[in-house]
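Some notes on the structure that comes next.
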Amino acid sequence: MKYCFGVDVGGTTVKLGLFTVEGELLDKWEIKTYTENEGERILPDVAEAIKGKIAEKLLKAEEICGIGVGVPAPVDKNGAIERAANVGWMAKEIKKELEELTGFPCVIGNDANVAALGEMWKGAGEGEKDLIMVTLGTGVGGGIIIDGHAVVGAHGAGGEIGHITVRDDETEACGCGRKGCLEQFTSATGVVRLAKRLMNNTDKETKMREFGENITAKDVFDLAKEGDAGANEVVETMGAYLGTAMSHIAVVVNPQAFIIGGGVSKAG
């Protein structure tokens, strides 16, 4: 039997999976993402987690084919990035570093691109060859699959739909440095931003005020499901921005399906 590991590096947690090379998930777990000091602990923590699982499952090194990693940034053909704001990384040769730490071959890709490929292979997009993956998490990622291939682009930044401008009059800067990006309104942090703006700029009655500065995206969605008017306004605003961006993408790419994933998608 041959095995491989999948790694999804996120702003809050790193999710890991042990698979057969046929794509069967055998085990999954997660570790905390430590973003301090430019995320210096992340790759060593990943390597340690993988080595621990190999020992736990009594696997042999020769049975491991490699490690696939999705990261929240554009990735070049050498498995390197220039910056990943949500995890603290600046310029980093991820493939080289992780191969040195683990001793196994590694393939690195943008998290939303590899999520899209995964959904096409074994997930909600199985059987489709033209689809768009939208990942709503700490940030907003996108993966565009055309005729079965991911649109990566010249510099690895293809499909970065989180940085489509959806609001021209935005005054706050996105993590990317620009203003008015989709990510600022439809990510988990974006939902919190919208909630705080509503609480600060209107007298609308809402239970969101009970959470104050500590409100989370989950709190907003939970209140919306209870019928809270303020929370519902936030969710509707978020949905309008997301729908507008998706409609723009649809007229350019003409996909068979949109697949929405990421932690925020659990809101339903």
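Labeling convention for the structure tokens: chains A, B, ... as they appear, residues from 1 per chain, ligands from 1 in order of appearance.
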Which residues are close to segment 162-164 of chain A, i.e. within 12 Å by only C-alpha atoms, leaving aside same-chain residues fewer than 3 positions away? Reply as a PyMOL selection string.
chain A and resi 72-73+112+133-143+157-159+167-168+173-187+190+241-242+244-246+248-249
List the spatial neighbours of Ala91 of chain A as a list in words - criterion: any atom at most 8 Å away, only C-alpha atoms, same-chain residues fewer than 5 positions off excluded.
Ala80, Ile81, Glu82 and Arg83 of chain A
Could the residues in this selection be saved with all heavy atoms as a PDB file, in the first residue's frame?
```
ATOM      1  N   ALA A  80       7.507  28.076  -4.235  1.00  0.00           N
ATOM      2  CA  ALA A  80       7.877  29.198  -3.357  1.00  0.00           C
ATOM      3  C   ALA A  80       6.807  30.279  -3.432  1.00  0.00           C
ATOM      4  O   ALA A  80       6.030  30.350  -4.378  1.00  0.00           O
ATOM      5  CB  ALA A  80       9.231  29.769  -3.763  1.00  0.00           C
ATOM      6  N   ILE A  81       6.759  31.104  -2.392  1.00  0.00           N
ATOM      7  CA  ILE A  81       5.809  32.215  -2.354  1.00  0.00           C
ATOM      8  C   ILE A  81       6.552  33.525  -2.069  1.00  0.00           C
ATOM      9  O   ILE A  81       7.668  33.519  -1.555  1.00  0.00           O
ATOM     10  CB  ILE A  81       4.731  32.013  -1.262  1.00  0.00           C
ATOM     11  CG1 ILE A  81       5.378  31.969   0.139  1.00  0.00           C
ATOM     12  CG2 ILE A  81       3.927  30.754  -1.529  1.00  0.00           C
ATOM     13  CD1 ILE A  81       4.394  32.090   1.271  1.00  0.00           C
ATOM     14  N   GLU A  82       5.908  34.636  -2.401  1.00  0.00           N
ATOM     15  CA  GLU A  82       6.472  35.947  -2.066  1.00  0.00           C
ATOM     16  C   GLU A  82       5.941  36.448  -0.732  1.00  0.00           C
ATOM     17  O   GLU A  82       6.624  37.148  -0.006  1.00  0.00           O
ATOM     18  CB  GLU A  82       6.151  36.959  -3.164  1.00  0.00           C
ATOM     19  CG  GLU A  82       6.920  36.706  -4.460  1.00  0.00           C
ATOM     20  CD  GLU A  82       6.709  37.806  -5.474  1.00  0.00           C
ATOM     21  OE1 GLU A  82       6.165  38.880  -5.113  1.00  0.00           O
ATOM     22  OE2 GLU A  82       7.087  37.599  -6.643  1.00  0.00           O
ATOM     23  N   ARG A  83       4.680  36.063  -0.420  1.00  0.00           N
ATOM     24  CA  ARG A  83       4.065  36.545   0.814  1.00  0.00           C
ATOM     25  C   ARG A  83       2.766  35.809   1.045  1.00  0.00           C
ATOM     26  O   ARG A  83       2.037  35.505   0.105  1.00  0.00           O
ATOM     27  CB  ARG A  83       3.790  38.053   0.713  1.00  0.00           C
ATOM     28  CG  ARG A  83       3.194  38.691   1.958  1.00  0.00           C
ATOM     29  CD  ARG A  83       3.249  40.210   1.833  1.00  0.00           C
ATOM     30  NE  ARG A  83       2.626  40.861   2.973  1.00  0.00           N
ATOM     31  CZ  ARG A  83       1.463  41.502   2.933  1.00  0.00           C
ATOM     32  NH1 ARG A  83       0.793  41.579   1.804  1.00  0.00           N
ATOM     33  NH2 ARG A  83       0.969  42.088   4.004  1.00  0.00           N
TER      34      ARG A  83
END
```
Would you give me, as a tab-separated table (two decimals) with N, CA, C and O atoms, in the first residue's frame, the residues in segment 80-253 of chain A that DSSP reads as helix (DSSP H, G or I)?
```tsv
chain	number	residue	atom	x	y	z
A	85	ALA	N	-0.03	36.75	3.73
A	85	ALA	CA	-0.36	37.67	4.82
A	85	ALA	C	-1.10	36.98	5.97
A	85	ALA	O	-0.85	37.28	7.15
A	86	ASN	N	-2.01	36.05	5.65
A	86	ASN	CA	-2.86	35.47	6.69
A	86	ASN	C	-2.13	34.51	7.64
A	86	ASN	O	-2.66	34.14	8.67
A	87	VAL	N	-0.92	34.08	7.26
A	87	VAL	CA	-0.15	33.20	8.15
A	87	VAL	C	1.19	33.80	8.56
A	87	VAL	O	1.99	33.15	9.23
A	94	ILE	N	8.79	27.10	0.26
A	94	ILE	CA	8.05	26.10	1.05
A	94	ILE	C	8.44	24.67	0.64
A	94	ILE	O	8.71	23.83	1.50
A	95	LYS	N	8.47	24.41	-0.65
A	95	LYS	CA	8.80	23.06	-1.13
A	95	LYS	C	10.17	22.63	-0.60
A	95	LYS	O	10.33	21.55	-0.02
A	96	LYS	N	11.16	23.49	-0.79
A	96	LYS	CA	12.53	23.17	-0.39
A	96	LYS	C	12.62	22.94	1.12
A	96	LYS	O	13.20	21.95	1.59
A	97	GLU	N	12.01	23.84	1.89
A	97	GLU	CA	12.08	23.74	3.36
A	97	GLU	C	11.39	22.47	3.88
A	97	GLU	O	11.94	21.76	4.72
A	98	LEU	N	10.19	22.19	3.35
A	98	LEU	CA	9.44	21.05	3.87
A	98	LEU	C	10.08	19.72	3.45
A	98	LEU	O	10.06	18.75	4.21
A	99	GLU	N	10.65	19.70	2.26
A	99	GLU	CA	11.35	18.47	1.84
A	99	GLU	C	12.57	18.21	2.72
A	99	GLU	O	12.86	17.06	3.08
A	100	GLU	N	13.26	19.29	3.11
A	100	GLU	CA	14.41	19.14	4.00
A	100	GLU	C	13.97	18.68	5.39
A	100	GLU	O	14.64	17.87	6.04
A	101	LEU	N	12.83	19.18	5.86
A	101	LEU	CA	12.33	18.84	7.20
A	101	LEU	C	11.79	17.41	7.28
A	101	LEU	O	11.88	16.76	8.32
A	102	THR	N	11.19	16.93	6.19
A	102	THR	CA	10.52	15.62	6.23
A	102	THR	C	11.28	14.51	5.53
A	102	THR	O	11.13	13.34	5.89
A	111	ASP	N	-3.98	27.23	-1.99
A	111	ASP	CA	-4.97	26.41	-1.29
A	111	ASP	C	-6.28	26.27	-2.04
A	111	ASP	O	-6.86	25.19	-2.10
A	112	ALA	N	-6.76	27.35	-2.63
A	112	ALA	CA	-8.04	27.27	-3.33
A	112	ALA	C	-7.91	26.50	-4.64
A	112	ALA	O	-8.84	25.78	-5.04
A	113	ASN	N	-6.76	26.62	-5.32
A	113	ASN	CA	-6.56	25.85	-6.54
A	113	ASN	C	-6.56	24.35	-6.25
A	113	ASN	O	-7.19	23.56	-6.96
A	114	VAL	N	-5.84	23.95	-5.19
A	114	VAL	CA	-5.79	22.51	-4.89
A	114	VAL	C	-7.12	22.03	-4.32
A	114	VAL	O	-7.51	20.87	-4.55
A	115	ALA	N	-7.84	22.91	-3.62
A	115	ALA	CA	-9.19	22.54	-3.17
A	115	ALA	C	-10.10	22.29	-4.36
A	115	ALA	O	-10.89	21.34	-4.38
A	116	ALA	N	-9.97	23.14	-5.38
A	116	ALA	CA	-10.79	22.97	-6.59
A	116	ALA	C	-10.47	21.66	-7.28
A	116	ALA	O	-11.36	20.92	-7.73
A	117	LEU	N	-9.17	21.32	-7.38
A	117	LEU	CA	-8.77	20.06	-8.00
A	117	LEU	C	-9.30	18.87	-7.19
A	117	LEU	O	-9.74	17.87	-7.75
A	118	GLY	N	-9.25	19.01	-5.85
A	118	GLY	CA	-9.76	17.95	-4.98
A	118	GLY	C	-11.25	17.74	-5.14
A	118	GLY	O	-11.74	16.60	-5.20
A	119	GLU	N	-12.00	18.85	-5.23
A	119	GLU	CA	-13.45	18.74	-5.41
A	119	GLU	C	-13.79	18.12	-6.77
A	119	GLU	O	-14.76	17.38	-6.91
A	120	MET	N	-12.97	18.45	-7.78
A	120	MET	CA	-13.20	17.87	-9.11
A	120	MET	C	-12.93	16.37	-9.09
A	120	MET	O	-13.62	15.58	-9.74
A	121	TRP	N	-11.91	15.95	-8.33
A	121	TRP	CA	-11.49	14.55	-8.30
A	121	TRP	C	-12.41	13.69	-7.43
A	121	TRP	O	-12.92	12.67	-7.87
A	122	LYS	N	-12.65	14.15	-6.18
A	122	LYS	CA	-13.36	13.29	-5.22
A	122	LYS	C	-14.50	13.99	-4.48
A	122	LYS	O	-15.05	13.43	-3.54
A	161	ILE	N	-9.70	35.30	-6.56
A	161	ILE	CA	-10.94	36.07	-6.65
A	161	ILE	C	-11.19	36.90	-5.39
A	161	ILE	O	-11.97	37.84	-5.40
A	162	GLY	N	-10.54	36.56	-4.28
A	162	GLY	CA	-10.71	37.34	-3.05
A	162	GLY	C	-10.26	38.77	-3.19
A	162	GLY	O	-10.59	39.62	-2.36
A	163	HIS	N	-9.51	39.06	-4.28
A	163	HIS	CA	-8.99	40.41	-4.44
A	163	HIS	C	-9.56	41.11	-5.67
A	163	HIS	O	-8.98	42.08	-6.17
A	183	GLU	N	-12.53	39.93	-0.24
A	183	GLU	CA	-12.11	39.32	1.02
A	183	GLU	C	-12.47	40.18	2.23
A	183	GLU	O	-12.71	39.67	3.32
A	184	GLN	N	-12.54	41.51	2.03
A	184	GLN	CA	-12.84	42.41	3.14
A	184	GLN	C	-14.30	42.33	3.60
A	184	GLN	O	-14.64	42.86	4.66
A	185	PHE	N	-15.14	41.66	2.81
A	185	PHE	CA	-16.57	41.63	3.12
A	185	PHE	C	-17.16	40.23	3.25
A	185	PHE	O	-18.23	40.07	3.82
A	186	THR	N	-16.46	39.22	2.73
A	186	THR	CA	-17.08	37.89	2.71
A	186	THR	C	-16.24	36.81	3.41
A	186	THR	O	-16.68	35.66	3.49
A	188	ALA	N	-14.34	35.40	7.04
A	188	ALA	CA	-14.74	35.44	8.45
A	188	ALA	C	-14.42	36.79	9.06
A	188	ALA	O	-15.23	37.39	9.78
A	189	THR	N	-13.22	37.30	8.77
A	189	THR	CA	-12.84	38.62	9.29
A	189	THR	C	-13.68	39.72	8.65
A	189	THR	O	-13.97	40.73	9.28
A	190	GLY	N	-14.08	39.49	7.39
A	190	GLY	CA	-14.92	40.48	6.71
A	190	GLY	C	-16.31	40.58	7.31
A	190	GLY	O	-16.87	41.67	7.45
A	191	VAL	N	-16.88	39.43	7.68
A	191	VAL	CA	-18.19	39.42	8.33
A	191	VAL	C	-18.12	40.17	9.66
A	191	VAL	O	-19.03	40.94	10.00
A	192	VAL	N	-17.04	39.95	10.40
A	192	VAL	CA	-16.86	40.67	11.67
A	192	VAL	C	-16.74	42.17	11.41
A	192	VAL	O	-17.32	42.99	12.14
A	193	ARG	N	-16.02	42.55	10.35
A	193	ARG	CA	-15.88	43.97	10.02
A	193	ARG	C	-17.25	44.59	9.72
A	193	ARG	O	-17.57	45.68	10.21
A	194	LEU	N	-18.05	43.88	8.93
A	194	LEU	CA	-19.38	44.39	8.61
A	194	LEU	C	-20.25	44.51	9.87
A	194	LEU	O	-21.00	45.50	10.03
A	195	ALA	N	-20.13	43.53	10.76
A	195	ALA	CA	-20.93	43.55	12.00
A	195	ALA	C	-20.54	44.75	12.86
A	195	ALA	O	-21.41	45.46	13.40
A	196	LYS	N	-19.25	44.99	13.02
A	196	LYS	CA	-18.79	46.10	13.85
A	196	LYS	C	-19.20	47.45	13.24
A	196	LYS	O	-19.55	48.38	13.97
A	197	ARG	N	-19.17	47.52	11.92
A	197	ARG	CA	-19.59	48.77	11.27
A	197	ARG	C	-21.07	49.03	11.52
A	197	ARG	O	-21.47	50.16	11.79
A	198	LEU	N	-21.87	47.98	11.42
A	198	LEU	CA	-23.30	48.16	11.66
A	198	LEU	C	-23.55	48.60	13.11
A	198	LEU	O	-24.33	49.52	13.35
A	199	MET	N	-22.85	47.96	14.05
A	199	MET	CA	-23.05	48.31	15.46
A	199	MET	C	-22.61	49.72	15.76
A	199	MET	O	-23.21	50.43	16.57
A	200	ASN	N	-21.54	50.18	15.08
A	200	ASN	CA	-20.98	51.50	15.37
A	200	ASN	C	-21.70	52.64	14.64
A	200	ASN	O	-21.65	53.78	15.08
A	201	ASN	N	-22.35	52.30	13.52
A	201	ASN	CA	-22.89	53.36	12.66
A	201	ASN	C	-24.41	53.45	12.63
A	201	ASN	O	-24.94	54.35	11.98
A	207	LYS	N	-28.79	41.87	18.89
A	207	LYS	CA	-28.08	41.17	19.97
A	207	LYS	C	-26.57	41.11	19.72
A	207	LYS	O	-25.82	40.69	20.61
A	208	MET	N	-26.13	41.51	18.53
A	208	MET	CA	-24.70	41.50	18.25
A	208	MET	C	-23.95	42.41	19.23
A	208	MET	O	-22.79	42.14	19.56
A	209	ARG	N	-24.63	43.45	19.72
A	209	ARG	CA	-23.98	44.38	20.66
A	209	ARG	C	-23.56	43.68	21.96
A	209	ARG	O	-22.63	44.13	22.62
A	210	GLU	N	-24.24	42.59	22.29
A	210	GLU	CA	-23.89	41.86	23.52
A	210	GLU	C	-22.50	41.23	23.43
A	210	GLU	O	-21.85	40.98	24.45
A	212	GLY	N	-20.02	42.66	21.54
A	212	GLY	CA	-19.06	43.76	21.46
A	212	GLY	C	-17.92	43.47	20.51
A	212	GLY	O	-18.10	42.89	19.44
A	213	GLU	N	-16.71	43.85	20.93
A	213	GLU	CA	-15.52	43.70	20.08
A	213	GLU	C	-15.13	42.24	19.88
A	213	GLU	O	-14.34	41.92	18.99
A	214	ASN	N	-15.66	41.34	20.71
A	214	ASN	CA	-15.27	39.93	20.62
A	214	ASN	C	-16.17	39.10	19.70
A	214	ASN	O	-16.04	37.89	19.64
A	217	ALA	N	-17.63	35.60	13.37
A	217	ALA	CA	-18.52	35.35	12.23
A	217	ALA	C	-19.59	34.33	12.61
A	217	ALA	O	-20.75	34.46	12.22
A	218	LYS	N	-19.21	33.32	13.37
A	218	LYS	CA	-20.18	32.30	13.79
A	218	LYS	C	-21.30	32.94	14.63
A	218	LYS	O	-22.48	32.59	14.47
A	219	ASP	N	-20.93	33.88	15.51
A	219	ASP	CA	-21.94	34.57	16.31
A	219	ASP	C	-22.95	35.27	15.41
A	219	ASP	O	-24.16	35.22	15.65
A	220	VAL	N	-22.44	35.94	14.37
A	220	VAL	CA	-23.31	36.68	13.45
A	220	VAL	C	-24.28	35.73	12.76
A	220	VAL	O	-25.49	35.97	12.70
A	221	PHE	N	-23.77	34.61	12.25
A	221	PHE	CA	-24.63	33.66	11.53
A	221	PHE	C	-25.63	32.99	12.47
A	221	PHE	O	-26.79	32.76	12.10
A	222	ASP	N	-25.19	32.68	13.68
A	222	ASP	CA	-26.11	32.08	14.66
A	222	ASP	C	-27.26	33.02	14.98
A	222	ASP	O	-28.43	32.61	15.05
A	223	LEU	N	-26.94	34.31	15.15
A	223	LEU	CA	-27.98	35.30	15.44
A	223	LEU	C	-28.91	35.50	14.24
A	223	LEU	O	-30.12	35.69	14.39
A	224	ALA	N	-28.34	35.44	13.05
A	224	ALA	CA	-29.16	35.59	11.84
A	224	ALA	C	-30.19	34.47	11.75
A	224	ALA	O	-31.35	34.69	11.38
A	225	LYS	N	-29.74	33.24	12.10
A	225	LYS	CA	-30.67	32.10	12.08
A	225	LYS	C	-31.78	32.26	13.10
A	225	LYS	O	-32.87	31.71	12.95
A	229	ALA	N	-32.37	41.08	13.34
A	229	ALA	CA	-32.42	41.96	12.16
A	229	ALA	C	-31.03	42.47	11.78
A	229	ALA	O	-30.68	42.53	10.59
A	230	GLY	N	-30.24	42.87	12.77
A	230	GLY	CA	-28.90	43.38	12.48
A	230	GLY	C	-28.01	42.33	11.87
A	230	GLY	O	-27.31	42.58	10.87
A	231	ALA	N	-28.03	41.13	12.45
A	231	ALA	CA	-27.21	40.04	11.92
A	231	ALA	C	-27.65	39.66	10.51
A	231	ALA	O	-26.82	39.38	9.63
A	232	ASN	N	-28.98	39.67	10.28
A	232	ASN	CA	-29.48	39.36	8.95
A	232	ASN	C	-29.03	40.38	7.92
A	232	ASN	O	-28.72	40.04	6.78
A	233	GLU	N	-28.96	41.64	8.34
A	233	GLU	CA	-28.47	42.68	7.42
A	233	GLU	C	-27.02	42.43	7.04
A	233	GLU	O	-26.63	42.59	5.87
A	234	VAL	N	-26.20	42.03	8.01
A	234	VAL	CA	-24.79	41.72	7.74
A	234	VAL	C	-24.69	40.55	6.76
A	234	VAL	O	-23.92	40.60	5.79
A	235	VAL	N	-25.45	39.48	7.02
A	235	VAL	CA	-25.39	38.30	6.17
A	235	VAL	C	-25.86	38.62	4.75
A	235	VAL	O	-25.27	38.17	3.76
A	236	GLU	N	-26.91	39.43	4.64
A	236	GLU	CA	-27.42	39.80	3.32
A	236	GLU	C	-26.40	40.66	2.56
A	236	GLU	O	-26.23	40.51	1.34
A	237	THR	N	-25.74	41.56	3.28
A	237	THR	CA	-24.71	42.40	2.65
A	237	THR	C	-23.56	41.53	2.15
A	237	THR	O	-23.09	41.68	1.02
A	238	MET	N	-23.12	40.62	3.01
A	238	MET	CA	-22.05	39.70	2.62
A	238	MET	C	-22.44	38.90	1.38
A	238	MET	O	-21.67	38.76	0.42
A	239	GLY	N	-23.67	38.36	1.39
A	239	GLY	CA	-24.15	37.56	0.27
A	239	GLY	C	-24.24	38.36	-1.01
A	239	GLY	O	-23.96	37.83	-2.10
A	240	ALA	N	-24.62	39.62	-0.91
A	240	ALA	CA	-24.72	40.47	-2.10
A	240	ALA	C	-23.36	40.69	-2.74
A	240	ALA	O	-23.21	40.63	-3.97
A	241	TYR	N	-22.35	40.95	-1.90
A	241	TYR	CA	-20.99	41.12	-2.44
A	241	TYR	C	-20.50	39.83	-3.09
A	241	TYR	O	-19.92	39.84	-4.18
A	242	LEU	N	-20.73	38.71	-2.43
A	242	LEU	CA	-20.28	37.42	-2.95
A	242	LEU	C	-20.98	37.09	-4.26
A	242	LEU	O	-20.35	36.68	-5.24
A	243	GLY	N	-22.29	37.28	-4.27
A	243	GLY	CA	-23.07	36.99	-5.48
A	243	GLY	C	-22.66	37.86	-6.66
A	243	GLY	O	-22.56	37.38	-7.80
A	244	THR	N	-22.39	39.13	-6.38
A	244	THR	CA	-21.97	40.04	-7.45
A	244	THR	C	-20.64	39.59	-8.05
A	244	THR	O	-20.49	39.52	-9.28
A	245	ALA	N	-19.68	39.27	-7.19
A	245	ALA	CA	-18.37	38.82	-7.67
A	245	ALA	C	-18.50	37.53	-8.48
A	245	ALA	O	-17.89	37.38	-9.54
A	246	MET	N	-19.32	36.60	-8.00
A	246	MET	CA	-19.49	35.33	-8.69
A	246	MET	C	-20.17	35.52	-10.05
A	246	MET	O	-19.83	34.83	-11.02
A	247	SER	N	-21.08	36.47	-10.12
A	247	SER	CA	-21.74	36.72	-11.41
A	247	SER	C	-20.75	37.28	-12.43
A	247	SER	O	-20.82	36.96	-13.62
A	248	HIS	N	-19.81	38.10	-11.95
A	248	HIS	CA	-18.79	38.65	-12.86
A	248	HIS	C	-17.88	37.53	-13.37
A	248	HIS	O	-17.52	37.49	-14.55
A	249	ILE	N	-17.51	36.63	-12.47
A	249	ILE	CA	-16.65	35.51	-12.87
A	249	ILE	C	-17.40	34.61	-13.86
A	249	ILE	O	-16.83	34.13	-14.85
A	250	ALA	N	-18.68	34.39	-13.61
A	250	ALA	CA	-19.46	33.48	-14.44
A	250	ALA	C	-19.52	33.93	-15.89
A	250	ALA	O	-19.43	33.10	-16.80
A	251	VAL	N	-19.65	35.25	-16.13
A	251	VAL	CA	-19.76	35.70	-17.52
A	251	VAL	C	-18.43	35.64	-18.25
A	251	VAL	O	-18.39	35.66	-19.48
A	252	VAL	N	-17.33	35.54	-17.51
A	252	VAL	CA	-16.02	35.40	-18.14
A	252	VAL	C	-15.68	33.93	-18.38
A	252	VAL	O	-15.18	33.55	-19.44
A	253	VAL	N	-15.98	33.07	-17.39
A	253	VAL	CA	-15.50	31.69	-17.42
A	253	VAL	C	-16.58	30.69	-17.84
A	253	VAL	O	-16.27	29.64	-18.38
```
Excluding Leu43 of chain A and its own-chain neighbours fewer than 2 positions away, which residues fall within 12 Å of it when counting only C-alpha atoms? Please give them as a ChimeraX atom specification.
/A:7-9,14,31-35,38-41,45-50,69,71,87,89,92-102
Which residues in segment 69-254 of chain A does DSSP call strand (DSSP E or B)? List them as a VMD selection string.
chain A and resid 69 to 71 80 to 81 84 89 92 to 93 106 to 110 131 to 136 140 to 146 149 to 150 165 173 179 181
Report as a ChimeraX atom specification all protein, DNA and RNA residues lying within 6 Å of segment 126-131 of chain A, evaluated on only C-alpha atoms, omitting residues in the same chain fewer than 5 positions from it.
/A:120-121,145-148,255-258
Would you work out the distance separating atom CA of Gly103 of chain A from atom CA of Lys51 of chain A, expressed in Å to one decimal?
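Distance between the two atoms: 10.1 Å.
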Considering only C-alpha atoms, return as a list in words whatever protein or nucleic-acid residues lie within 8 Å of His155 of chain A, sequence-local ones (same chain, fewer than 2 positions apart) excluded.
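Near His155 of chain A, the qualifying residues are Pro74, Val75, Asp76, Val152, Gly153, Ala157 and Gly158 of chain A.
The space between atom CA of Leu25 of chain A and atom CA of Lys77 of chain A spans 27.0 Å.
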Distance in Å - atom CA of Gly52 of chain A versus atom CA of Gly261 of chain A
28.3 Å
Mind checking which residues fall within 6 Å of Leu18 of chain A, counting only C-alpha atoms, ignoring those fewer than 3 positions away in the same chain, and posting them as a list of chain:residue names?
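The residues satisfying every condition are A:Phe5, A:Leu26, A:Asp27.
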